[in-house]
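Here is the structure we will look at.
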Amino acid sequence: MGVMPTALERTLIVMPAFNEEESVAAVVREVFATVPGASCLVVDDGSVDQTYREAESAGATVLRLPINLGVGGAMRAGFKYALEKGFANVVQVDSDGQHDPAGIAELVERLDDHDLVLGARFAGVGQYTVRGPRRWAMVVLSSILSRLTRTKLTDTTSGFRASGPRAVALFAQHYPSEYLGDTVESLVIAARAKLTVTQVAVAMRPRAGGTPSHNPYKAAVYLARAGMALFVALIRPPVALREPVVSL
Amino acid sequence: MNTVTYVFGIIAALIALAVVIESLRRHHLRERHAVWWLLAGLVALVVSVFPDTLGWAAALVGVTVPTNLVFFLSIAVLVLVSIQHSGELTELEAETRTLAETVALQDLRIKELEKAVADALQPRRNP
């Protein structure tokens with residue numbers, strides 16, 4: 001007899017957290033304060049500190065992985081939890097406070113007509129900038145992935161993203177745990193499974209733990225690893241989305 | 001080749017085979033991991049007992065120095081086994097990942113169930 005739940009009430013906010021005891025509680029509280037009716041799952045990715053207690057004290061549900069699986073591993077566990085509990089959408093938010101929860105509502109809104117919505121950091125909002133070789137790497141990556149997903153993407157390595165029901169079902173099975181796999185390869189997987197992708201400009205705060213590196217050597221390594229991730233993603237056979245049986 | 005090297009070759013091959021077979025017997029090795037080592041041990045035994053087979057095989061594939069064929073085959077087997085092991089490692093990691101997810105999801109479920117049970121019993125204890 002209840003009122004039809006809103007899209008945000010059917011959304012699970014998943015925060016992968018690895019040794020984030022200093023920031024996770026504040027981020028969880030901010031999410032609850034910013035997004036009315038939100039459900040928040042912190043995936044404690046094998047932390048050795050008090051991340052678990054901090055997140056729980058802030059009111060989040062905490063899924064505790066016994067070993068460290070990386071962001072992709074933590075997210076797949078989150079997608080599985082969402083599927084099990086019947087959530088329609090999943091929004092990934094970093095637990096270090098880098099992502100502004102104010103953007104969540106807008107990401108979820110765009111899920112009405114897209115399966116996957118990326119929160120892009122360079123699309124005009126906020127002051128997040130990256131220069132030099134690292135920026136070129138991101139531009140190359142974005143142009144290739146834009147072509148693949150048939151939409152203009154400017155920030156493909158953003159970890160701030162919303163997944164609709166089809167993406168949740170796909171990612172609960174296939175979400176790579178390798179470095180850049182959770183961002184770059186997951187986009188390729190989504191595009192190959194014929195999911196629709198779009199991006200929304202979001203403001204990004206500077207990371208709590210320092211600024212992104214502008215060291216050219218590190219940028220070159222980053223470019224190589226991104227190229228590797230993309231290459232591997234492209235030579236793998238596409239996975240099909242097993243459409244859930246829709247009862248009318 | 002004198003008798004000492006001849007016997008030495010045979011003993012080396014026998015020791016290699018014995019180690020593999022003993023490992024299999026003690027469940028220290030599974031068949032699919034042992035098959036390459038068994039094969040290599042058998043070939044080594046045949047070649048050490050009948051050294052002429054090596055010369056014959058080398059001539060057959062056009063290798064001038066027969067020992068080069070031994071090196072080539074040995075390296076080939078080592079590379080293939082390494083690739084197989086990397087593959088198995090990847091598979092194990094994927095399985096570990098799935099198990100870790102399942103454990104975490106069940107842990108959470110147990111905790112929620114325990115809480116629900118405790119809540120249900122609460123009123124009876126404190127009427």
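Going by the structure tokens order, chains are called A, B, ..., each with residues numbered from 1, while ligands are numbered from 1 in the order shown.
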
Quiz item: Which neighbours of stretch 10-19 of chain A fall inside 7 Å, counting only C-alpha atoms, when residues of the same chain fewer than 3 positions from it are skipped, and could you give them as a ChimeraX atom specification?
Solution: /A:5-7,38-49,51,71,74-75,78,82,87-95

Self-check item: At most 12 Å to chain A: residues in chain B, only C-alpha atoms, as an MDAnalysis selection string
Solution: chainID B and resid 90 93:112

Quiz item: Within 10 Å of A:Ser146, counting only C-alpha atoms, which residues qualify if same-chain residues fewer than 3 places away don't, as a list in words?
Solution: Val140, Leu141, Ser142, Ser143, Thr149, Arg150, Thr151, Lys152, Leu153, Thr154, Asp155, Thr156, Leu187, Ala191, Val197 and Thr198 of chain A

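When the distance limit is 8 Å and only C-alpha atoms are what count, the residues near B:Ala40, minus those fewer than 4 positions from it on the same chain, are Trp36, Ala44, Ser74 and Val77 of chain B.
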
Practice problem: Run DSSP on the backbone and grab whatever in stretch 133-175 of chain A lands in alpha helix (DSSP H); send it over as a PyMOL selection string. | Solution: chain A and resi 133-149+165-173

Would you list, as an mmCIF file with C-alpha atoms, in the first residue's frame, the residues of stretch 39-233 of chain A that end up in strand (DSSP E) under DSSP run on this structure's backbone?
```cif
data_model
loop_
_atom_site.group_PDB
_atom_site.id
_atom_site.type_symbol
_atom_site.label_atom_id
_atom_site.label_comp_id
_atom_site.auth_asym_id
_atom_site.auth_seq_id
_atom_site.Cartn_x
_atom_site.Cartn_y
_atom_site.Cartn_z
ATOM 1 C CA SER A 39 20.706 3.413 1.119
ATOM 2 C CA CYS A 40 24.416 3.320 1.615
ATOM 3 C CA LEU A 41 26.657 0.268 1.419
ATOM 4 C CA VAL A 42 30.308 0.610 2.341
ATOM 5 C CA VAL A 43 32.364 -2.269 0.977
ATOM 6 C CA ASP A 44 35.285 -2.638 3.345
ATOM 7 C CA ASP A 45 37.909 -3.992 0.979
ATOM 8 C CA THR A 61 25.522 -1.039 5.934
ATOM 9 C CA VAL A 62 29.000 -2.556 5.764
ATOM 10 C CA LEU A 63 30.019 -5.475 3.589
ATOM 11 C CA ARG A 64 33.348 -6.764 4.835
ATOM 12 C CA LEU A 65 35.556 -8.517 2.317
ATOM 13 C CA ASN A 89 20.342 1.294 -9.446
ATOM 14 C CA VAL A 90 23.847 1.502 -8.041
ATOM 15 C CA VAL A 91 25.887 4.688 -7.673
ATOM 16 C CA GLN A 92 29.596 4.316 -7.008
ATOM 17 C CA LEU A 116 25.323 3.834 -17.376
ATOM 18 C CA VAL A 117 25.999 7.463 -16.409
ATOM 19 C CA LEU A 118 29.529 8.715 -15.760
ATOM 20 C CA GLY A 119 30.271 11.720 -13.593
ATOM 21 C CA ALA A 120 32.856 13.581 -15.674
ATOM 22 C CA ARG A 161 29.192 6.604 -11.920
ATOM 23 C CA ALA A 162 25.606 5.401 -11.804
ATOM 24 C CA SER A 163 24.401 2.057 -13.149
ATOM 25 C CA VAL A 197 26.282 5.270 -21.821
ATOM 26 C CA THR A 198 26.297 9.007 -21.192
ATOM 27 C CA GLN A 199 28.134 11.478 -19.009
ATOM 28 C CA VAL A 200 27.173 14.312 -16.702
ATOM 29 C CA ALA A 201 29.507 17.114 -15.641
#
```

Quiz item: If we count only C-alpha atoms, what is near B:Leu39 at a cut-off of 12 Å, once residues fewer than 3 positions away on the same chain are taken out, given as an MDAnalysis selection string?
Solution: chainID B and resid 13 16:17 20:21 31:36 42:46 73:74 77 81

Exercise. Enter the distance from atom CA of B:Val49 to atom CA of B:Arg30, in Å, rounded to one decimal.
Key: 27.8 Å

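For the pair atom CA of B:Ser48 and atom CA of B:Phe8, the separation is 8.7 Å.
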